[in-house]
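Novice: Pasting protein-v2.cif below, which is mmCIF, C-alpha atoms and all ligand atoms.
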```cif
data_input
#
loop_
_atom_site.label_atom_id
_atom_site.label_comp_id
_atom_site.auth_asym_id
_atom_site.auth_seq_id
_atom_site.Cartn_x
_atom_site.Cartn_y
_atom_site.Cartn_z
CA MET A 6 -128.71 -87.21 200.34
CA LYS A 7 -126.19 -84.34 200.59
CA ASN A 8 -129.00 -81.76 200.32
CA GLN A 9 -130.88 -83.53 203.06
CA ALA A 10 -127.81 -83.38 205.30
CA VAL A 11 -127.38 -79.64 204.67
CA LYS A 12 -131.07 -79.12 205.44
CA GLU A 13 -130.78 -81.16 208.63
CA THR A 14 -127.64 -79.28 209.79
CA LYS A 15 -129.39 -75.96 209.27
CA ARG A 16 -132.60 -77.16 210.95
CA TYR A 17 -130.76 -78.55 213.98
CA HIS A 18 -128.71 -75.39 214.59
CA THR A 19 -131.56 -72.98 213.88
CA THR A 20 -133.80 -74.75 216.42
CA LEU A 21 -131.01 -74.87 219.00
CA TYR A 22 -129.98 -71.22 218.60
CA ARG A 23 -133.62 -70.04 218.77
CA ASN A 24 -134.37 -72.03 221.91
CA VAL A 25 -131.21 -72.29 223.98
CA LYS A 26 -129.39 -69.36 225.50
CA LEU A 27 -125.61 -69.14 225.28
CA PHE A 28 -123.83 -70.36 228.46
CA LYS A 29 -127.01 -71.93 229.91
CA LYS A 30 -126.80 -75.55 231.06
CA GLY A 31 -128.53 -78.27 229.02
CA SER A 32 -126.59 -78.40 225.74
CA TRP A 33 -123.10 -78.01 224.32
CA LEU A 34 -123.68 -74.25 224.32
CA ASP A 35 -123.18 -74.20 228.08
CA LYS A 36 -119.44 -73.46 228.03
CA PRO A 37 -116.50 -72.96 225.69
CA ASP A 38 -114.04 -75.72 224.86
CA THR A 39 -111.11 -75.58 227.31
CA VAL A 40 -108.56 -76.02 224.48
CA VAL A 41 -109.81 -72.82 222.86
CA MET A 42 -109.70 -70.92 226.12
CA ASN A 43 -106.19 -72.15 226.93
CA LEU A 44 -104.97 -70.97 223.53
CA ALA A 45 -106.68 -67.59 223.95
CA ARG A 46 -105.09 -67.13 227.39
CA LYS A 47 -101.69 -68.17 226.07
CA LEU A 48 -101.87 -65.57 223.29
CA GLY A 49 -103.89 -63.02 225.24
CA ARG A 50 -101.04 -60.62 226.05
CA VAL A 51 -100.06 -60.09 222.41
CA ASN A 52 -101.21 -56.70 221.10
CA ASN A 53 -103.61 -56.50 218.13
CA LEU A 54 -104.22 -60.25 218.14
CA LEU A 55 -106.45 -61.54 215.32
CA VAL A 56 -108.52 -64.67 215.79
CA LEU A 57 -110.65 -66.29 213.07
CA ASP A 58 -113.56 -68.42 214.26
CA LEU A 59 -114.99 -70.48 211.37
CA GLY A 60 -118.55 -71.70 211.98
CA ALA A 61 -118.67 -69.46 215.04
CA GLY A 62 -122.34 -70.06 215.88
CA VAL A 63 -123.69 -67.71 218.56
CA GLY A 64 -120.31 -66.87 220.09
CA ARG A 65 -119.56 -69.74 222.48
CA HIS A 66 -115.86 -69.14 221.77
CA ALA A 67 -115.81 -65.69 220.20
CA ILE A 68 -117.31 -63.95 223.27
CA PRO A 69 -114.92 -65.32 225.92
CA ILE A 70 -111.95 -64.92 223.54
CA ALA A 71 -112.94 -61.29 222.88
CA LYS A 72 -113.09 -60.69 226.65
CA ILE A 73 -109.44 -61.76 226.88
CA ILE A 74 -107.90 -60.29 223.74
CA GLY A 75 -110.04 -57.14 223.51
CA LYS A 76 -108.02 -55.64 226.37
CA ASN A 77 -104.98 -55.55 224.07
CA ASN A 78 -106.82 -54.37 221.00
CA GLY A 79 -107.43 -57.89 219.66
CA LYS A 80 -110.36 -58.91 217.45
CA VAL A 81 -112.31 -62.07 216.71
CA ILE A 82 -113.58 -62.47 213.16
CA CYS A 83 -116.58 -64.81 213.03
CA VAL A 84 -118.01 -66.65 210.04
CA ASP A 85 -121.31 -68.55 209.93
CA TYR A 86 -123.86 -69.28 207.20
CA LEU A 87 -126.94 -69.05 209.44
CA LYS A 88 -128.61 -65.66 209.81
CA VAL A 89 -129.92 -66.63 213.24
CA ALA A 90 -126.34 -67.42 214.36
CA GLU A 91 -125.18 -63.97 213.25
CA GLU A 92 -128.13 -62.25 214.94
CA LYS A 93 -127.56 -64.09 218.23
CA LEU A 94 -123.80 -63.52 218.02
CA ILE A 95 -124.36 -59.77 217.73
CA GLU A 96 -126.94 -59.86 220.57
CA ASN A 97 -124.51 -61.83 222.75
CA SER A 98 -121.57 -59.54 221.95
CA ILE A 99 -123.62 -56.59 223.17
CA LYS A 100 -124.89 -58.49 226.23
CA TYR A 101 -121.33 -59.41 227.25
CA HIS A 102 -119.87 -55.96 226.31
CA VAL A 103 -117.46 -57.17 223.65
CA GLU A 104 -119.16 -55.85 220.51
CA GLU A 105 -116.12 -53.68 219.70
CA TYR A 106 -113.93 -56.78 219.47
CA VAL A 107 -116.20 -59.10 217.47
CA ASP A 108 -116.74 -58.89 213.71
CA SER A 109 -119.29 -61.09 212.06
CA HIS A 110 -119.53 -62.39 208.51
CA PHE A 111 -122.69 -64.07 207.27
CA CYS A 112 -121.08 -66.41 204.77
CA ASP A 113 -120.32 -70.03 203.90
CA VAL A 114 -116.92 -70.96 205.32
CA SER A 115 -115.78 -72.29 201.92
CA ARG A 116 -116.48 -68.88 200.35
CA PHE A 117 -114.86 -66.75 203.06
CA HIS A 118 -111.58 -65.24 201.90
CA ILE A 119 -108.88 -65.97 204.48
CA LYS A 120 -106.15 -63.34 204.09
CA LYS A 121 -102.60 -64.71 203.91
CA ASP A 122 -100.42 -64.54 207.08
CA ASN A 123 -103.14 -62.63 208.88
CA TYR A 124 -104.30 -64.57 211.96
CA ASN A 125 -102.66 -65.55 215.24
CA LEU A 126 -105.26 -68.25 215.86
CA ILE A 127 -107.76 -69.96 213.55
CA ILE A 128 -110.47 -72.14 215.04
CA ALA A 129 -112.67 -74.54 213.09
CA HIS A 130 -114.81 -76.11 215.80
CA SER A 131 -117.33 -78.67 214.51
CA VAL A 132 -117.82 -77.02 211.14
CA LEU A 133 -115.58 -78.68 208.53
CA GLU A 134 -117.77 -81.81 208.50
CA HIS A 135 -120.62 -79.59 207.29
CA LEU A 136 -118.89 -78.29 204.15
CA ASN A 137 -120.64 -79.13 200.94
CA ALA A 138 -118.01 -81.45 199.45
CA LYS A 139 -115.09 -83.54 200.63
CA LYS A 140 -112.61 -81.61 198.47
CA LEU A 141 -113.65 -78.37 200.21
CA LEU A 142 -112.45 -79.77 203.53
CA ALA A 143 -108.84 -79.94 202.34
CA SER A 144 -109.07 -76.61 200.53
CA VAL A 145 -110.44 -74.76 203.60
CA ILE A 146 -107.70 -76.30 205.76
CA LYS A 147 -105.06 -75.23 203.20
CA ASN A 148 -106.41 -71.68 203.38
CA MET A 149 -106.32 -71.82 207.19
CA ILE A 150 -102.67 -72.88 206.96
CA LEU A 151 -101.83 -70.01 204.60
CA GLY A 152 -103.85 -67.52 206.66
CA THR A 153 -101.98 -68.20 209.90
CA LYS A 154 -99.06 -65.98 210.94
CA LYS A 155 -95.70 -67.58 211.75
CA GLY A 156 -95.92 -68.68 215.38
CA GLY A 157 -99.73 -68.75 215.22
CA TYR A 158 -102.03 -71.67 216.02
CA ASN A 159 -104.80 -73.71 214.39
CA TYR A 160 -107.37 -75.63 216.36
CA ILE A 161 -109.55 -78.01 214.38
CA ILE A 162 -112.14 -80.43 215.65
CA PHE A 163 -114.60 -82.31 213.46
CA THR A 164 -116.86 -85.35 213.40
CA THR A 165 -115.64 -88.59 211.87
CA GLN A 166 -117.16 -92.05 211.66
CA LEU A 167 -120.66 -90.83 212.48
CA GLU A 168 -123.30 -93.48 213.16
CA GLU A 169 -126.92 -92.73 213.91
CA TYR A 170 -129.53 -94.91 215.62
CA GLU A 171 -133.23 -94.48 216.37
CA VAL A 172 -133.28 -94.59 220.16
CA LYS A 173 -136.68 -96.28 220.38
CA THR A 174 -136.03 -99.15 217.95
CA LYS A 175 -132.18 -99.18 218.20
CA LYS A 176 -132.26 -99.31 214.38
CA LYS A 177 -129.18 -97.97 212.62
CA ILE A 178 -130.10 -95.26 210.13
CA ALA A 179 -128.24 -93.32 207.45
CA PRO A 180 -126.20 -90.59 209.16
CA GLN A 181 -127.26 -87.05 208.28
CA ILE A 182 -123.95 -85.33 207.74
CA GLU A 183 -122.35 -83.72 204.73
CA ILE A 184 -118.86 -85.28 205.08
CA ASN A 185 -118.36 -88.50 207.03
CA LEU A 186 -114.69 -89.46 206.86
CA GLY A 187 -113.29 -92.50 208.61
CA THR A 188 -111.15 -91.51 211.58
CA ARG A 189 -107.98 -92.92 209.98
CA GLU A 190 -108.59 -91.13 206.70
CA ALA A 191 -109.15 -87.85 208.54
CA SER A 192 -106.02 -88.36 210.60
CA ARG A 193 -103.92 -89.11 207.48
CA LEU A 194 -105.27 -85.99 205.74
CA ILE A 195 -104.52 -83.73 208.72
CA THR A 196 -101.04 -85.21 209.21
CA LYS A 197 -100.23 -84.60 205.53
CA LEU A 198 -101.57 -81.03 205.48
CA TYR A 199 -99.78 -80.03 208.69
CA ARG A 200 -96.48 -81.80 207.90
CA ASN A 201 -94.53 -78.51 208.08
CA TRP A 202 -96.10 -77.41 211.40
CA ARG A 203 -95.46 -78.43 214.97
CA VAL A 204 -98.36 -80.73 215.79
CA ILE A 205 -98.97 -80.23 219.50
CA SER A 206 -101.80 -82.72 219.69
CA LEU A 207 -103.74 -84.92 217.26
CA ARG A 208 -106.26 -87.19 218.88
CA THR A 209 -109.70 -88.72 218.62
CA VAL A 210 -112.44 -88.24 221.18
CA PRO A 211 -115.62 -90.37 221.31
CA TYR A 212 -118.85 -88.34 221.45
CA ARG A 213 -122.55 -89.15 221.86
CA GLU A 214 -125.59 -86.92 221.78
CA ILE A 215 -129.30 -87.63 221.73
CA LEU A 216 -131.02 -85.22 219.38
CA LYS A 217 -134.61 -84.75 218.23
CA ARG A 218 -135.50 -85.18 214.58
CA ASN A 219 -139.12 -85.32 213.41
CA LYS A 220 -140.14 -85.77 217.06
CA GLN A 221 -137.93 -88.87 217.29
CA ASP A 222 -134.90 -89.32 219.56
CA ILE A 223 -131.80 -90.04 217.51
CA LEU A 224 -128.50 -91.22 218.97
CA TRP A 225 -125.60 -89.44 217.26
CA LYS A 226 -122.39 -91.42 217.90
CA CYS A 227 -119.08 -90.37 216.43
CA LYS A 228 -115.39 -89.85 217.00
CA TYR A 229 -114.16 -86.29 216.94
CA ILE A 230 -110.74 -85.74 215.49
CA SER A 231 -108.98 -82.83 217.11
CA LEU A 232 -105.79 -81.02 216.17
CA ILE A 233 -103.78 -78.31 217.89
CA ALA A 234 -100.85 -77.15 215.77
CA LYS A 235 -98.36 -74.28 215.74
CA LYS A 236 -96.93 -72.77 212.53
C1 LIG B 1 -121.76 -77.57 215.79
S1 LIG B 1 -121.93 -75.86 215.50
C2 LIG B 1 -120.49 -75.22 216.30
C3 LIG B 1 -120.59 -73.74 216.57
C4 LIG B 1 -119.34 -73.16 217.25
N1 LIG B 1 -118.13 -73.44 216.52
C5 LIG B 1 -119.22 -73.70 218.66
O1 LIG B 1 -118.36 -74.56 218.88
O2 LIG B 1 -119.99 -73.25 219.51
C6 LIG B 1 -121.53 -75.68 213.77
C7 LIG B 1 -121.72 -74.26 213.26
O3 LIG B 1 -121.19 -74.16 211.95
C8 LIG B 1 -122.12 -73.48 211.12
N2 LIG B 1 -121.88 -74.01 209.77
C9 LIG B 1 -122.05 -75.28 209.33
N3 LIG B 1 -121.67 -75.38 208.05
C10 LIG B 1 -121.23 -74.17 207.67
C11 LIG B 1 -120.69 -73.65 206.47
N4 LIG B 1 -120.53 -74.44 205.40
N5 LIG B 1 -120.35 -72.35 206.42
C12 LIG B 1 -120.53 -71.55 207.52
N6 LIG B 1 -121.03 -71.99 208.69
C13 LIG B 1 -121.37 -73.27 208.76
C14 LIG B 1 -123.48 -73.80 211.69
O4 LIG B 1 -124.43 -72.83 211.33
C15 LIG B 1 -123.17 -73.81 213.19
O5 LIG B 1 -123.31 -72.55 213.75
#
```
Please express the file's structure as structure tokens.

Specialist:
Amino acid sequence: MKNQAVKETKRYHTTLYRNVKLFKKGSWLDKPDTVVMNLARKLGRVNNLLVLDLGAGVGRHAIPIAKIIGKNNGKVICVDYLKVAEEKLIENSIKYHVEEYVDSHFCDVSRFHIKKDNYNLIIAHSVLEHLNAKKLLASVIKNMILGTKKGGYNYIIFTTQLEEYEVKTKKKIAPQIEINLGTREASRLITKLYRNWRVISLRTVPYREILKRNKQDILWKCKYISLIAKK
């Protein structure tokens, strides 16, 4: 079951990244999340800013962040376990003239060493739900907490309470995701881990997407849990 979910996550993203251009309308790749951009603008004037983007994909956030923080010698460190994501990220960095300010690491997020007190901003956008085991979710978040400088920010958003339906038959099917926490459980975990931080916002956001799997339309229905916190 878990292996199938990993396979499905990799298949879905590989197909998307091969077929859809960054910042083109028609998918979630069309624009960056406004929360990320607001944080980047807020921090943008700091010199030598370091941002860590976990599960960075093809640069939806890394590229516009690099545009802002590169001017003051800042860098975005990107981590993703898909080769195609890394290739497209490098291509996009060159296309948007920010290759000097983007570093890429082809690596599983749970294996990436997050240096202590090193980052001004750490982003984990729609990636923690794809870790290989529930216990890794807490351990990656703990490393994010340790890796953030005093006064720095974390932004986390991940899927909870995922349900999947075949669109044609409306039949509910087993959701293909590695970690599927209930929204309350996720919220309790985050609250506990960030108890010594200033939690700026912790909320849930309903989300729906129709995706193709084996030529079938599948409705993906979940609640995202999202956290903005300052150390
Ligand atoms: C939904 S996409 C989000 C991409 C990017 N954060 C964004 O918002 O545009 C999830 C990304 O995380 C990557 N990913 C999933 N599980 C991962 C893992 N365990 N280690 C590294 N990358 C992972 C996928 O390859 C994919 O690029």

Novice: Just checking: using all atoms listed in the file, which residue out of A:His130, A:Lys228, A:Arg65, A:Lys140 ends up closest to Tyr160 in chain A?

Specialist: A:His130

Novice: Here's a test: counting all atoms listed in the file, identify every protein, DNA and RNA residue with an atom at most 7 Å from (-112.2, -68.7, 213.5) in the file's coordinate frame, and state them as a list of chain:residue names.

Specialist: A:Val56, A:Leu57, A:Asp58, A:Leu59, A:Ala61, A:Ile82, A:Cys83, A:Ile127, A:Ile128, A:Ala129

Novice: From the list A:Leu224, A:Ile73, A:Val132, A:Leu141, which residue is nearest Lys15 in chain A when using all atoms listed in the file?

Specialist: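 Closest to Lys15 in chain A of all the choices is A:Val132.
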
Novice: Choose the residue, out of A:Arg213, A:Lys36, A:His102, A:His66, that has the smallest atom-to-atom separation from Glu169 in chain A; count only C-alpha atoms.

Specialist: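 Ranking A:Arg213, A:Lys36, A:His102, A:His66 by distance to Glu169 in chain A, first place goes to A:Arg213.
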
Novice: Against ligand LIG 1 (chain B), which residues of chain A fall within 7 Å? For each one I want the closest pair of atoms and the distance in Å (one decimal), counting all atoms listed in the file, rows by chain and increasing residue number, as a tab-separated table.

Specialist:
```
residue	atom	partner	partner_atom	distance
A:Thr14	CA	B:LIG1	C9	6.9
A:Lys15	CA	B:LIG1	O4	6.2
A:His18	CA	B:LIG1	C15	5.9
A:Leu34	CA	B:LIG1	O2	6.1
A:Leu59	CA	B:LIG1	N1	6.7
A:Gly60	CA	B:LIG1	O3	3.6
A:Ala61	CA	B:LIG1	N1	4.3
A:Gly62	CA	B:LIG1	O5	3.4
A:Val63	CA	B:LIG1	O2	6.7
A:Gly64	CA	B:LIG1	O2	6.4
A:Arg65	CA	B:LIG1	O2	4.6
A:His66	CA	B:LIG1	O2	6.2
A:Val84	CA	B:LIG1	C12	6.1
A:Asp85	CA	B:LIG1	N6	3.7
A:Tyr86	CA	B:LIG1	C12	4.0
A:Leu87	CA	B:LIG1	O4	4.9
A:Ala90	CA	B:LIG1	O5	6.0
A:Cys112	CA	B:LIG1	C12	5.9
A:Asp113	CA	B:LIG1	N5	3.4
A:Val114	CA	B:LIG1	N5	3.9
A:Ser115	CA	B:LIG1	N4	6.3
A:Ala129	CA	B:LIG1	N1	6.5
A:His130	CA	B:LIG1	N1	4.3
A:Ser131	CA	B:LIG1	C1	4.7
A:Val132	CA	B:LIG1	O3	4.5
A:Leu133	CA	B:LIG1	N3	6.9
A:His135	CA	B:LIG1	N3	4.4
A:Leu136	CA	B:LIG1	N4	4.4
A:Asn137	CA	B:LIG1	N4	6.5
```

Novice: Could you pull out every residue with an atom within 9 Å of (-101.7, -78.1, 216.8), file coordinates, counting only C-alpha atoms, and send them as a VMD selection string?

Specialist: chain A and resid 158 to 161 199 202 to 207 231 to 236

Novice: Go through A:Lys121, A:Trp225, A:Glu171, A:Asn185 and flag the residue nearest Leu142 in chain A, using all atoms listed in the file for the distances.

Specialist: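 For Leu142 in chain A, the nearest of the given residues is A:Asn185.
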
Novice: Go through A:Lys100, A:Lys47, A:Lys139, A:Lys76 one by one, measure the shortest atom-to-atom distance of each to Glu183 in chain A using all atoms listed in the file, and give the residue with the smallest value.

Specialist: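 Nearest to Glu183 in chain A: A:Lys139.
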
Novice: Which is closer to Glu96 in chain A than all the others in A:Leu55, A:Leu21, A:Ile68, A:Leu186, using all atoms listed in the file?

Specialist: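 Of all the options, A:Ile68 lies closest to Glu96 in chain A.
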